[in-house]
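See structure below.
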Amino acid sequence: MANRIGFKEFLKKLDKEEEVQLIVDANVIIAYRDKNHKDHETIREFFRDLTRDAQKILLFTTVTTKSEFLEYYRRKIITEAILAIYKRNREKQIVSDRVKQEIENQIRARNLRQNREIEKQEQFEKKLQAQSIDTTELDVEGFSIDANYFKDSEIKSIKKAFRARDVQEEIGWLKICSVMLVDRMHEYEKLLDEFCHYLTTRDEVSKTYFIKEDVEWRKATQICAETGMGFSDAMILNMANHTNIEHIVTLDFDLVYGGHVSAIHKTIVTPTDRLKNYKNILKGI
Amino acid sequence: MSKRSIIEIMDDMDRLEKIEITDELADTLKDYFKDEIDSENLEKEQNEKVAKGLVDSLVGLDKGNKENGQSDRV
């Protein structure tokens, strides 16, 4: 029996009297948060229905997912802060032209990336339509954080440009971080800690679900190698295998694929309309 | 986790995602870049002057000085 289930089917089967435990992937949390994510509405709807139907919900994730999510948040906030500074500078100059030029260079790089993604998607959709394939039923393209937010290398270029000439004390970029990031990152982390439990034997709640006391970290390497999946995903499957939590929620095909090979006792929960696309690829596993 | 808390947490996260450039940050940046902005403005002014001088020096070059026996150039 395939160990995957669609959101709709999962919600239908839900025992309303019981506590629901779910391991969530980073992309689920990001999609929930980010309005630009193509699965934003799907995930919001899923959690809305889940909170409506379930008596009690316990969400779990790995510490790797936490770092992935905080990294996403850092890039999002820095990007939006830089764009806000750029806009403010257009009204009244607050940074030098050199800095403005550097920001413009990086905005251009980001915009080119966005355009490329749009073109790529349009071309792919045209190709599929020419083959009379209903593109509304297809997972055409995954969300790319790169398309919307500055990449780390772009942030570094802007950061370097923010060092004013002939000023002894460095307060430019550091001030931006202190105003925009420091408190926000801490608060955000606290909220994330509230949102889910981390799968470690030290977490009071998580440890009650562990079936093995000692975590075998090397098994993540084996899982990663078995299907060539990303290490972060392999860590999720490995930790899931150490617990009796059955369900893993993801938007990532790789986790669905890898789950069939490396976490056969777990059930992967993913959007219903996507399962159809996976049917052929997962045949024979 | 209670039913309300997921929604509450998401609302709190929404609040944390609102970005606004405070006057204090704008003033700090303006002060920090003051010398560089002044120097860039000075450089711009000088470049403009040089450019204007160049244009001024070019004006009239197409007119020959008859007293010196030059003809108008086209």
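Chain identifiers are assigned as A, B, and so on, following the order in which chains appear in the structure tokens; residues are numbered from 1 within each chain, and ligands are numbered from 1 in order of appearance.
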
Based on only C-alpha atoms, which of the residues in chain A come within 6 Å of chain B? I want them as a ChimeraX atom specification.
/A:51,57-58,94-96,164,172

With only C-alpha atoms as the counted atoms, please give the residues lying no more than 12 Å from segment 218-224 of chain A, apart from itself and same-chain residues fewer than 5 positions off, as number ranges by chain.
A: 229-242, 254-255, 257-264

Emit the selected residues as a CSV table (one decimal), in the first residue's frame, including C-alpha atoms.
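As written to disk, out.csv reads:
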chain,number,residue,atom,x,y,z
A,229,MET,CA,17.6,13.3,-1.5
A,230,GLY,CA,18.7,16.5,0.2
A,231,PHE,CA,20.3,16.0,3.6
A,232,SER,CA,17.8,18.2,5.3
A,233,ASP,CA,14.9,16.0,4.1
A,234,ALA,CA,16.9,12.9,5.0
A,235,MET,CA,17.2,14.3,8.6
A,236,ILE,CA,13.4,14.6,8.7
A,237,LEU,CA,12.9,11.0,7.6
A,238,ASN,CA,15.5,9.8,10.0
A,239,MET,CA,14.0,11.6,13.0
A,240,ALA,CA,10.5,10.4,11.9
A,241,ASN,CA,11.8,6.8,11.8
A,242,HIS,CA,13.0,7.2,15.4
A,254,ASP,CA,11.6,14.4,-3.0
A,255,LEU,CA,10.3,13.7,0.5
A,257,TYR,CA,9.7,9.7,-3.2
A,258,GLY,CA,12.2,9.2,-0.4
A,259,GLY,CA,9.5,8.3,2.1
A,260,HIS,CA,8.5,5.4,-0.1
A,261,VAL,CA,12.0,4.0,0.1
A,262,SER,CA,13.4,5.1,3.4
A,263,ALA,CA,10.4,5.6,5.7
A,264,ILE,CA,8.0,2.8,4.7

Using only C-alpha atoms, what table do you get, as CSV, when you list each residue of segment 155-256 of chain A with an atom no more than 12 Å from segment 269-282 of chain A, its nearest pair of atoms, and their distance in Å rounded to one decimal, rows by chain then rising number?
residue,atom,partner,partner_atom,distance
A:Glu246,CA,A:Val269,CA,10.0
A:His247,CA,A:Val269,CA,6.5
A:Ile248,CA,A:Val269,CA,5.8
A:Val249,CA,A:Val269,CA,4.6
A:Thr250,CA,A:Thr270,CA,5.5
A:Leu251,CA,A:Thr270,CA,5.8
A:Asp252,CA,A:Thr270,CA,8.2
A:Phe253,CA,A:Tyr278,CA,7.8
A:Asp254,CA,A:Tyr278,CA,10.4
A:Leu255,CA,A:Thr270,CA,9.9
A:Val256,CA,A:Thr270,CA,8.1

Given the selection you just returned, output its residues as a file containing N, CA and C atoms, formatted as a PDB file, in the first residue's frame.
ATOM      1  N   GLU A 246       3.218   9.063  12.876  1.00  0.00           N
ATOM      2  CA  GLU A 246       3.005   8.429  11.565  1.00  0.00           C
ATOM      3  C   GLU A 246       3.085   9.401  10.389  1.00  0.00           C
ATOM      4  N   HIS A 247       2.579  10.623  10.575  1.00  0.00           N
ATOM      5  CA  HIS A 247       2.395  11.482   9.409  1.00  0.00           C
ATOM      6  C   HIS A 247       3.463  12.576   9.247  1.00  0.00           C
ATOM      7  N   ILE A 248       3.871  12.749   8.006  1.00  0.00           N
ATOM      8  CA  ILE A 248       4.829  13.818   7.657  1.00  0.00           C
ATOM      9  C   ILE A 248       4.155  14.684   6.592  1.00  0.00           C
ATOM     10  N   VAL A 249       4.031  15.977   6.850  1.00  0.00           N
ATOM     11  CA  VAL A 249       3.386  16.873   5.872  1.00  0.00           C
ATOM     12  C   VAL A 249       4.476  17.575   5.065  1.00  0.00           C
ATOM     13  N   THR A 250       4.346  17.490   3.751  1.00  0.00           N
ATOM     14  CA  THR A 250       5.344  18.137   2.885  1.00  0.00           C
ATOM     15  C   THR A 250       4.732  18.595   1.567  1.00  0.00           C
ATOM     16  N   LEU A 251       5.458  19.490   0.885  1.00  0.00           N
ATOM     17  CA  LEU A 251       5.071  19.923  -0.464  1.00  0.00           C
ATOM     18  C   LEU A 251       6.129  19.451  -1.458  1.00  0.00           C
ATOM     19  N   ASP A 252       7.087  18.723  -0.936  1.00  0.00           N
ATOM     20  CA  ASP A 252       8.264  18.376  -1.716  1.00  0.00           C
ATOM     21  C   ASP A 252       8.179  16.949  -2.260  1.00  0.00           C
ATOM     22  N   PHE A 253       8.278  16.846  -3.570  1.00  0.00           N
ATOM     23  CA  PHE A 253       8.225  15.538  -4.210  1.00  0.00           C
ATOM     24  C   PHE A 253       9.316  14.602  -3.676  1.00  0.00           C
ATOM     25  N   ASP A 254      10.478  15.173  -3.435  1.00  0.00           N
ATOM     26  CA  ASP A 254      11.618  14.377  -2.991  1.00  0.00           C
ATOM     27  C   ASP A 254      11.335  13.650  -1.679  1.00  0.00           C
ATOM     28  N   LEU A 255      10.592  14.308  -0.815  1.00  0.00           N
ATOM     29  CA  LEU A 255      10.265  13.697   0.471  1.00  0.00           C
ATOM     30  C   LEU A 255       9.215  12.590   0.286  1.00  0.00           C
ATOM     31  N   VAL A 256       8.316  12.802  -0.680  1.00  0.00           N
ATOM     32  CA  VAL A 256       7.321  11.765  -0.985  1.00  0.00           C
ATOM     33  C   VAL A 256       8.044  10.544  -1.554  1.00  0.00           C
TER      34      VAL A 256
END

With only C-alpha atoms as the counted atoms, please give the residues lying no more than 12 Å from Arg75 of chain A, apart from itself and same-chain residues fewer than 3 positions off, as a PyMOL selection string.
(chain A and resi 68-72+78-82+145-156+177+180-181+185) or (chain B and resi 17)
